[in-house]
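Note: the block below is target.pdb and it holds PDB, C-alpha atoms.
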```
ATOM      1  CA  PRO A  18     -61.529  -5.843   0.373
ATOM      2  CA  TYR A  19     -59.057  -3.170   1.318
ATOM      3  CA  THR A  20     -57.147  -0.344  -0.328
ATOM      4  CA  THR A  21     -53.379  -0.175  -0.042
ATOM      5  CA  LEU A  22     -51.843   3.259   0.333
ATOM      6  CA  PHE A  23     -48.190   4.124   0.015
ATOM      7  CA  ARG A  24     -47.417   7.729   0.857
ATOM      8  CA  SER A  25     -43.638   7.599   0.485
ATOM      9  CA  ALA A  26     -41.523   8.421  -2.515
ATOM     10  CA  ALA A  27     -37.833   8.654  -3.264
ATOM     11  CA  THR A  28     -37.713  12.427  -2.735
ATOM     12  CA  PRO A  29     -39.893  15.065  -1.027
ATOM     13  CA  GLU A  30     -40.912  16.652  -4.336
ATOM     14  CA  LYS A  31     -42.448  13.299  -5.338
ATOM     15  CA  THR A  32     -44.326  12.869  -2.033
ATOM     16  CA  TRP A  33     -47.986  13.952  -1.941
ATOM     17  CA  THR A  34     -49.075  14.926   1.557
ATOM     18  CA  GLY A  35     -52.873  14.681   1.409
ATOM     19  CA  PHE A  36     -53.278  11.017   2.367
ATOM     20  CA  VAL A  37     -54.845  11.558   5.806
ATOM     21  CA  GLU A  38     -57.422  14.035   4.492
ATOM     22  CA  LEU A  39     -58.176  11.820   1.482
ATOM     23  CA  THR A  40     -58.596   8.687   3.600
ATOM     24  CA  GLU A  41     -60.915  10.500   6.012
ATOM     25  CA  GLN A  42     -63.246  11.274   3.125
ATOM     26  CA  LEU A  43     -63.373   7.765   1.670
ATOM     27  CA  ASP A  44     -65.480   4.781   2.627
ATOM     28  CA  ILE A  45     -62.637   2.268   2.406
ATOM     29  CA  THR A  46     -60.670  -0.133   4.536
ATOM     30  CA  PRO A  47     -57.166   1.336   4.184
ATOM     31  CA  VAL A  48     -53.834  -0.339   4.836
ATOM     32  CA  PHE A  49     -50.876   2.048   4.866
ATOM     33  CA  ILE A  50     -47.522   0.606   3.839
ATOM     34  CA  GLY A  51     -44.211   2.126   4.888
ATOM     35  CA  GLY A  52     -40.587   1.346   4.346
ATOM     36  CA  PRO A  53     -38.197   0.178   7.084
ATOM     37  CA  GLY A  54     -38.003   2.741   9.874
ATOM     38  CA  GLU A  55     -40.646   4.969   8.321
ATOM     39  CA  ASP A  56     -42.855   6.878  10.750
ATOM     40  CA  LEU A  57     -46.504   6.130   9.989
ATOM     41  CA  THR A  58     -47.768   7.808  13.167
ATOM     42  CA  PRO A  59     -50.069  10.158  11.187
ATOM     43  CA  PHE A  60     -51.891   7.027   9.994
ATOM     44  CA  SER A  61     -52.045   5.190  13.333
ATOM     45  CA  ARG A  62     -55.852   5.120  13.417
ATOM     46  CA  TRP A  63     -55.747   2.731  10.450
ATOM     47  CA  PRO A  64     -53.871  -0.543   9.881
ATOM     48  CA  THR A  65     -50.232   0.031   8.963
ATOM     49  CA  VAL A  66     -47.441  -2.225   7.777
ATOM     50  CA  VAL A  67     -43.873  -0.943   8.192
ATOM     51  CA  GLY A  68     -40.731  -2.606   6.892
ATOM     52  CA  ALA A  69     -42.499  -5.555   5.269
ATOM     53  CA  SER A  70     -40.556  -7.866   3.011
ATOM     54  CA  LEU A  71     -40.992  -7.554  -0.742
ATOM     55  CA  LEU A  72     -42.981 -10.803  -0.660
ATOM     56  CA  ASP A  73     -45.340  -9.424   2.003
ATOM     57  CA  ILE A  74     -45.834  -6.204   0.036
ATOM     58  CA  ALA A  75     -46.547  -8.218  -3.099
ATOM     59  CA  GLN A  76     -49.188 -10.227  -1.219
ATOM     60  CA  LEU A  77     -50.798  -7.032   0.088
ATOM     61  CA  MET A  78     -50.890  -5.626  -3.433
ATOM     62  CA  ARG A  79     -52.215  -8.829  -4.965
ATOM     63  CA  ASP A  80     -55.241  -8.862  -2.677
ATOM     64  CA  ALA A  81     -56.008  -5.129  -2.721
ATOM     65  CA  GLU A  82     -59.052  -3.587  -4.315
ATOM     66  CA  ILE A  83     -57.262  -0.347  -5.242
ATOM     67  CA  PHE A  84     -53.777   1.107  -4.792
ATOM     68  CA  ILE A  85     -53.339   4.792  -3.954
ATOM     69  CA  GLY A  86     -49.851   6.181  -3.822
ATOM     70  CA  ASN A  87     -47.019   8.256  -5.126
ATOM     71  CA  ASP A  88     -44.936   7.385  -8.146
ATOM     72  CA  SER A  89     -42.942   4.628  -6.428
ATOM     73  CA  GLY A  90     -41.881   0.997  -6.501
ATOM     74  CA  PRO A  91     -45.045  -0.297  -4.791
ATOM     75  CA  ALA A  92     -47.111   1.345  -7.540
ATOM     76  CA  HIS A  93     -45.311  -0.839 -10.061
ATOM     77  CA  ILE A  94     -45.909  -3.941  -7.935
ATOM     78  CA  ALA A  95     -49.635  -3.162  -7.809
ATOM     79  CA  ALA A  96     -49.652  -2.640 -11.578
ATOM     80  CA  ALA A  97     -48.040  -6.042 -12.069
ATOM     81  CA  PHE A  98     -51.106  -7.559 -10.368
ATOM     82  CA  GLY A  99     -53.507  -5.453 -12.434
ATOM     83  CA  ILE A 100     -54.762  -3.540  -9.388
ATOM     84  CA  PRO A 101     -56.544  -0.277 -10.324
ATOM     85  CA  GLU A 102     -54.399   2.660  -9.219
ATOM     86  CA  LEU A 103     -54.514   6.314  -8.312
ATOM     87  CA  ILE A 104     -50.979   7.647  -8.665
ATOM     88  CA  PHE A 105     -49.621  11.074  -7.740
ATOM     89  CA  PHE A 106     -46.801  12.441  -9.884
ATOM     90  CA  GLY A 107     -44.515  15.320  -9.037
ATOM     91  CA  PRO A 108     -41.573  16.061 -11.351
ATOM     92  CA  SER A 109     -41.269  12.539 -12.814
ATOM     93  CA  ASP A 110     -42.300  11.966 -16.408
ATOM     94  CA  GLU A 111     -45.713  10.314 -16.179
ATOM     95  CA  GLU A 112     -45.524   9.292 -19.843
ATOM     96  CA  ILE A 113     -42.607   7.007 -19.006
ATOM     97  CA  TRP A 114     -43.439   5.944 -15.424
ATOM     98  CA  SER A 115     -47.241   5.644 -15.402
ATOM     99  CA  PRO A 116     -48.791   2.269 -14.552
ATOM    100  CA  TRP A 117     -48.791  -0.134 -17.438
ATOM    101  CA  ARG A 118     -51.507  -2.651 -18.313
ATOM    102  CA  THR A 119     -53.808  -1.687 -15.469
ATOM    103  CA  LYS A 120     -56.600   0.817 -15.015
ATOM    104  CA  ALA A 121     -55.182   3.956 -13.512
ATOM    105  CA  GLU A 122     -55.809   7.592 -12.825
ATOM    106  CA  VAL A 123     -52.613   9.604 -12.882
ATOM    107  CA  LEU A 124     -52.603  13.020 -11.244
ATOM    108  CA  LYS A 125     -49.691  15.120 -12.437
ATOM    109  CA  ALA A 126     -48.758  18.174 -10.392
ATOM    110  CA  GLU A 127     -48.564  21.505 -12.124
ATOM    111  CA  GLY A 128     -45.803  22.904  -9.946
ATOM    112  CA  PRO A 129     -45.197  21.343  -6.521
ATOM    113  CA  ILE A 130     -46.889  18.009  -5.847
ATOM    114  CA  SER A 131     -48.837  19.684  -3.033
ATOM    115  CA  SER A 132     -50.774  21.509  -5.776
ATOM    116  CA  ILE A 133     -52.787  18.308  -6.316
ATOM    117  CA  THR A 134     -55.906  18.830  -4.224
ATOM    118  CA  VAL A 135     -57.832  16.211  -2.281
ATOM    119  CA  GLU A 136     -60.888  17.177  -4.344
ATOM    120  CA  ARG A 137     -58.999  16.333  -7.531
ATOM    121  CA  ALA A 138     -57.979  12.987  -6.010
ATOM    122  CA  LEU A 139     -61.585  12.213  -5.012
ATOM    123  CA  ALA A 140     -62.786  12.949  -8.555
ATOM    124  CA  ALA A 141     -60.062  10.698  -9.981
ATOM    125  CA  LEU A 142     -61.084   7.876  -7.640
ATOM    126  CA  GLU A 143     -64.700   8.224  -8.771
ATOM    127  CA  ARG A 144     -63.598   7.887 -12.401
ATOM    128  CA  LEU A 145     -61.379   4.922 -11.528
ATOM    129  CA  ARG A 146     -64.189   3.102  -9.738
ATOM    130  CA  ALA A 147     -66.627   3.821 -12.567
ATOM    131  CA  ASN A 148     -64.220   2.305 -15.084
ATOM    132  CA  SER A 149     -63.182  -0.741 -13.008
TER     133      SER A 149
END
```
Final structure tokens representation of the file:
Amino acid sequence: PYTTLFRSAATPEKTWTGFVELTEQLDITPVFIGGPGEDLTPFSRWPTVVGASLLDIAQLMRDAEIFIGNDSGPAHIAAAFGIPELIFFGPSDEEIWSPWRTKAEVLKAEGPISSITVERALAALERLRANS
């Protein structure tokens, strides 16, 4: 089993930047997903998939153990498959855009999204795993 991670978002204020530090502290097999032309160099020590088709992303999500990512399209794809999720929210309304019909931990930033600490993410992942 592997964990899919999507660190991109539509805008910088929706993009959490702690993915490398978080991944280093987890005992997981990560697969980082990036959009066409996206630079995933910071994640090069792990498997990465850049510019995959929507079908390929759906297959990655379907077979994942957990999804970790920003409030983004891939988060909704993972939710459609019922994959447990850890989602980082910046200024978006988490009441409207949170994962639906899947187990999830939603971390909402109080201020800039960088205010969400890796420690807070680790605690949320522990809760998510305990409830899955």
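With only C-alpha atoms as the basis for measurement, A:Thr21 is the residue among A:Thr21, A:Ile133, A:Arg118, A:Val123 that approaches A:Gln76 most closely.
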(message) Need to verify the contact set: A:Glu41, 12 Å, all atoms listed in the file, exclusion of same-chain residues closer than 5 positions in sequence. Can you return it as a list in words?
(response)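 My reading of the contact set: Gly35, Phe36, Thr46, Pro47, Phe60, Arg62, Trp63, Val135 and Leu139 of chain A.
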(request) Pull the neighbourhood of (-49.9, 2.3, -12.3) for me: all residues within 12 Å in file coordinates, counting all atoms listed in the file, as a ChimeraX atom specification. (result) /A:78,83-106,111-124,145
(request) List, as number ranges by chain, every residue that the PyMOL selection byres ((chain A and resi 55-57) around 12) selects in the file provided. (result) A: 22-26, 36-37, 48-54, 58-69
(message) So the first atom is atom CA of A:Gly107 and the second is atom CA of A:Ile130; what is the distance between them in Å, to one decimal place?
(response)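 These atoms are spaced 4.8 Å apart.
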Report as AutoDock Vina command-line options the centre and the edge lengths, in Å to one decimal, of the axis-aligned box holding every listed atom of stretch 85-95 of chain A, padded by 4 Å on each side.
```
--center_x -47.6 --center_y 2.2 --center_z -6.9 --size_x 19.5 --size_y 20.2 --size_z 14.2
```
(message) Given all atoms listed in the file as the basis, pick out the residue of A:Tyr19, A:Pro129, A:Thr34, A:Pro108 nearest to A:Arg79.
(response) A:Tyr19
